[in-house]
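Okay, structure first, notes after.
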Amino acid sequence: MMKASISMDSLALQDVTHQLVQHFIAELQDMLDDLGAGTLSPQQSNVLDKIVVFFDQEMKDHHREEEGHVFPLLLSQGDPALSEKVRVLQADHDELRIGWRKLKSCIQQAQTASPVDAQALHTSFDQYSTCFARHLALEESIQFSPETQLLFKRWDT
């Protein structure tokens with residue numbers, strides 16, 4: 001079952017998702033001040049809605065794929081250094097879920113025209129984006145290493 005669940009195509013999709021994460025975090029950062037001030041344009045509101053849907057849905061699916069298929073394959077290799085990196089990635093997933101809930105709460109508060117705690121909005125964004133940057137760097141260093149690429153190619157055949 002694991003073998004059929006990991007393919008080079010699914011890894012390419014994971015890479016596209018990582019690119020979208022970086023794009024959407026940059027988009028959100030660009031509108032953070034307007035969001036905090038309650039002055040989003042209709043276009044910004046539309047983009048923000050897409051960002052929220054992406055992190056609510058796509059990231060859940062992305063992490064579920066990694067946790068259910070990619071991480072177990074990496075852990076099964078018996079490499080202590082690799083296993084430690086995977087454990088860090090797993091902990092990051094927990095931190096990212098918590099961070100997204102906090103950031104989404106700040107976004108929703110700002111969207112409903114409630115008094116916005118701009119500092120909380122910026123702080124939650126900074127924590128979330130910093131964790132994601134660290135996470136992506138580690139994950140991609142593993143995913144795109146020659147050893148891991150070879151492992152995934154073996155499972156893809």
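We label chains A, B, ... in the order they appear in the structure tokens, count residues from 1 in each chain, and number ligands from 1 in the order shown.
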
Next on the checklist: When you look at Met31 of chain A with a cut-off of 10 Å (counting only C-alpha atoms), what residues show up, excluding the ones that are within fewer than 5 positions of it in the same chain? I need them as a PyMOL selection string.
Outcome noted: chain A and resi 26+36-37+39-41+44-45+47-48

How about saving the chosen residues, all heavy atoms kept, as a PDB file, in the first residue's frame?
ATOM      1  N   ALA A  26       3.864  35.281   0.946  1.00  0.00           N
ATOM      2  CA  ALA A  26       4.291  36.597   0.455  1.00  0.00           C
ATOM      3  C   ALA A  26       3.082  37.493   0.181  1.00  0.00           C
ATOM      4  O   ALA A  26       3.099  38.695   0.515  1.00  0.00           O
ATOM      5  CB  ALA A  26       5.142  36.436  -0.806  1.00  0.00           C
ATOM      6  N   GLY A  36      -4.842  44.660   8.843  1.00  0.00           N
ATOM      7  CA  GLY A  36      -4.896  45.154  10.217  1.00  0.00           C
ATOM      8  C   GLY A  36      -5.626  46.479  10.344  1.00  0.00           C
ATOM      9  O   GLY A  36      -6.264  46.754  11.363  1.00  0.00           O
ATOM     10  N   ALA A  37      -5.552  47.299   9.300  1.00  0.00           N
ATOM     11  CA  ALA A  37      -6.219  48.608   9.316  1.00  0.00           C
ATOM     12  C   ALA A  37      -7.667  48.523   8.838  1.00  0.00           C
ATOM     13  O   ALA A  37      -8.399  49.517   8.887  1.00  0.00           O
ATOM     14  CB  ALA A  37      -5.442  49.584   8.440  1.00  0.00           C
ATOM     15  N   THR A  39      -8.592  48.006   5.741  1.00  0.00           N
ATOM     16  CA  THR A  39      -8.682  48.725   4.463  1.00  0.00           C
ATOM     17  C   THR A  39      -8.352  47.842   3.265  1.00  0.00           C
ATOM     18  O   THR A  39      -7.793  48.324   2.278  1.00  0.00           O
ATOM     19  CB  THR A  39      -7.744  49.955   4.474  1.00  0.00           C
ATOM     20  OG1 THR A  39      -6.400  49.515   4.708  1.00  0.00           O
ATOM     21  CG2 THR A  39      -8.152  50.954   5.554  1.00  0.00           C
ATOM     22  N   LEU A  40      -8.703  46.580   3.331  1.00  0.00           N
ATOM     23  CA  LEU A  40      -8.457  45.697   2.190  1.00  0.00           C
ATOM     24  C   LEU A  40      -9.327  46.108   1.008  1.00  0.00           C
ATOM     25  O   LEU A  40     -10.512  46.416   1.173  1.00  0.00           O
ATOM     26  CB  LEU A  40      -8.779  44.244   2.534  1.00  0.00           C
ATOM     27  CG  LEU A  40      -7.826  43.472   3.433  1.00  0.00           C
ATOM     28  CD1 LEU A  40      -8.330  42.040   3.593  1.00  0.00           C
ATOM     29  CD2 LEU A  40      -6.413  43.476   2.899  1.00  0.00           C
ATOM     30  N   SER A  41      -8.746  46.070  -0.164  1.00  0.00           N
ATOM     31  CA  SER A  41      -9.519  46.291  -1.385  1.00  0.00           C
ATOM     32  C   SER A  41     -10.322  45.029  -1.678  1.00  0.00           C
ATOM     33  O   SER A  41     -10.015  43.948  -1.135  1.00  0.00           O
ATOM     34  CB  SER A  41      -8.570  46.592  -2.547  1.00  0.00           C
ATOM     35  OG  SER A  41      -7.845  45.419  -2.893  1.00  0.00           O
ATOM     36  N   GLN A  44      -7.932  42.395  -2.797  1.00  0.00           N
ATOM     37  CA  GLN A  44      -7.178  41.812  -1.682  1.00  0.00           C
ATOM     38  C   GLN A  44      -8.055  40.849  -0.886  1.00  0.00           C
ATOM     39  O   GLN A  44      -7.586  39.788  -0.471  1.00  0.00           O
ATOM     40  CB  GLN A  44      -6.656  42.920  -0.757  1.00  0.00           C
ATOM     41  CG  GLN A  44      -5.499  43.706  -1.299  1.00  0.00           C
ATOM     42  CD  GLN A  44      -5.138  44.855  -0.379  1.00  0.00           C
ATOM     43  OE1 GLN A  44      -5.995  45.650   0.017  1.00  0.00           O
ATOM     44  NE2 GLN A  44      -3.856  44.931  -0.033  1.00  0.00           N
ATOM     45  N   SER A  45      -9.313  41.203  -0.685  1.00  0.00           N
ATOM     46  CA  SER A  45     -10.233  40.315   0.051  1.00  0.00           C
ATOM     47  C   SER A  45     -10.405  38.994  -0.677  1.00  0.00           C
ATOM     48  O   SER A  45     -10.446  37.925  -0.054  1.00  0.00           O
ATOM     49  CB  SER A  45     -11.596  40.979   0.235  1.00  0.00           C
ATOM     50  OG  SER A  45     -11.501  42.055   1.122  1.00  0.00           O
ATOM     51  N   VAL A  47      -8.196  37.609  -2.748  1.00  0.00           N
ATOM     52  CA  VAL A  47      -6.942  36.866  -2.590  1.00  0.00           C
ATOM     53  C   VAL A  47      -6.862  36.272  -1.191  1.00  0.00           C
ATOM     54  O   VAL A  47      -6.474  35.112  -1.019  1.00  0.00           O
ATOM     55  CB  VAL A  47      -5.726  37.776  -2.891  1.00  0.00           C
ATOM     56  CG1 VAL A  47      -4.423  37.091  -2.486  1.00  0.00           C
ATOM     57  CG2 VAL A  47      -5.697  38.165  -4.364  1.00  0.00           C
ATOM     58  N   LEU A  48      -7.236  37.040  -0.191  1.00  0.00           N
ATOM     59  CA  LEU A  48      -7.203  36.548   1.192  1.00  0.00           C
ATOM     60  C   LEU A  48      -8.107  35.329   1.361  1.00  0.00           C
ATOM     61  O   LEU A  48      -7.721  34.357   2.020  1.00  0.00           O
ATOM     62  CB  LEU A  48      -7.600  37.655   2.166  1.00  0.00           C
ATOM     63  CG  LEU A  48      -7.530  37.292   3.644  1.00  0.00           C
ATOM     64  CD1 LEU A  48      -6.102  36.901   4.045  1.00  0.00           C
ATOM     65  CD2 LEU A  48      -8.017  38.472   4.486  1.00  0.00           C
TER      66      LEU A  48
END

Checklist entry - Hey, what's within 10 Å of Ala133 of chain A if we count only C-alpha atoms and toss same-chain stuff fewer than 3 positions away? As a ChimeraX atom specification, please? => result /A:18,21-22,25,128-130,136-139

Item to check | Contact residues around Thr17 of chain A with only C-alpha atoms at 9 Å, ignoring same-chain residues under 6 positions, as a list in words | outcome: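 Listing them by chain and then by number gives Glu58, Met59 and His62 of chain A.
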
Output for the residues just chosen: C-alpha atoms as a PDB file, in the first residue's frame:
ATOM      1  CA  GLU A  58      -4.598  22.077   0.724  1.00  0.00           C
ATOM      2  CA  MET A  59      -2.133  22.167   3.597  1.00  0.00           C
ATOM      3  CA  HIS A  62      -0.419  17.986   1.961  1.00  0.00           C
TER       4      HIS A  62
END

Next on the checklist: Under the rule that only C-alpha atoms are counted, which of A:Thr148, A:Lys104, A:Asp117, A:Leu20 is the nearest residue to Phe71 of chain A?
Outcome noted: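 Result for the nearest residue to Phe71 of chain A: A:Thr148.
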
Next on the checklist: Give me the residues near Leu74 of chain A as a list in words, where near means some atom within 8 Å (using only C-alpha atoms) and where sequence neighbours in that chain fewer than 6 positions away do not count.
Outcome noted: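 Counting only C-alpha atoms, the residues come to Leu82, Ser83 and Val86 of chain A.
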
Next on the checklist: Give me, as a PyMOL selection string, all polymer residues having an atom no more than 12 Å from Gln57 of chain A, counting only C-alpha atoms and skipping those fewer than 5 positions away in the same chain.
Outcome noted: chain A and resi 17+50-52+62-64+97+100

Checklist entry - Out of A:Val16, A:Leu96, A:Leu32, A:Leu150, which residue has the shortest atom-to-atom distance to Ala120 of chain A when counting only C-alpha atoms? => result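 Closest residue, counting only C-alpha atoms: A:Leu32.
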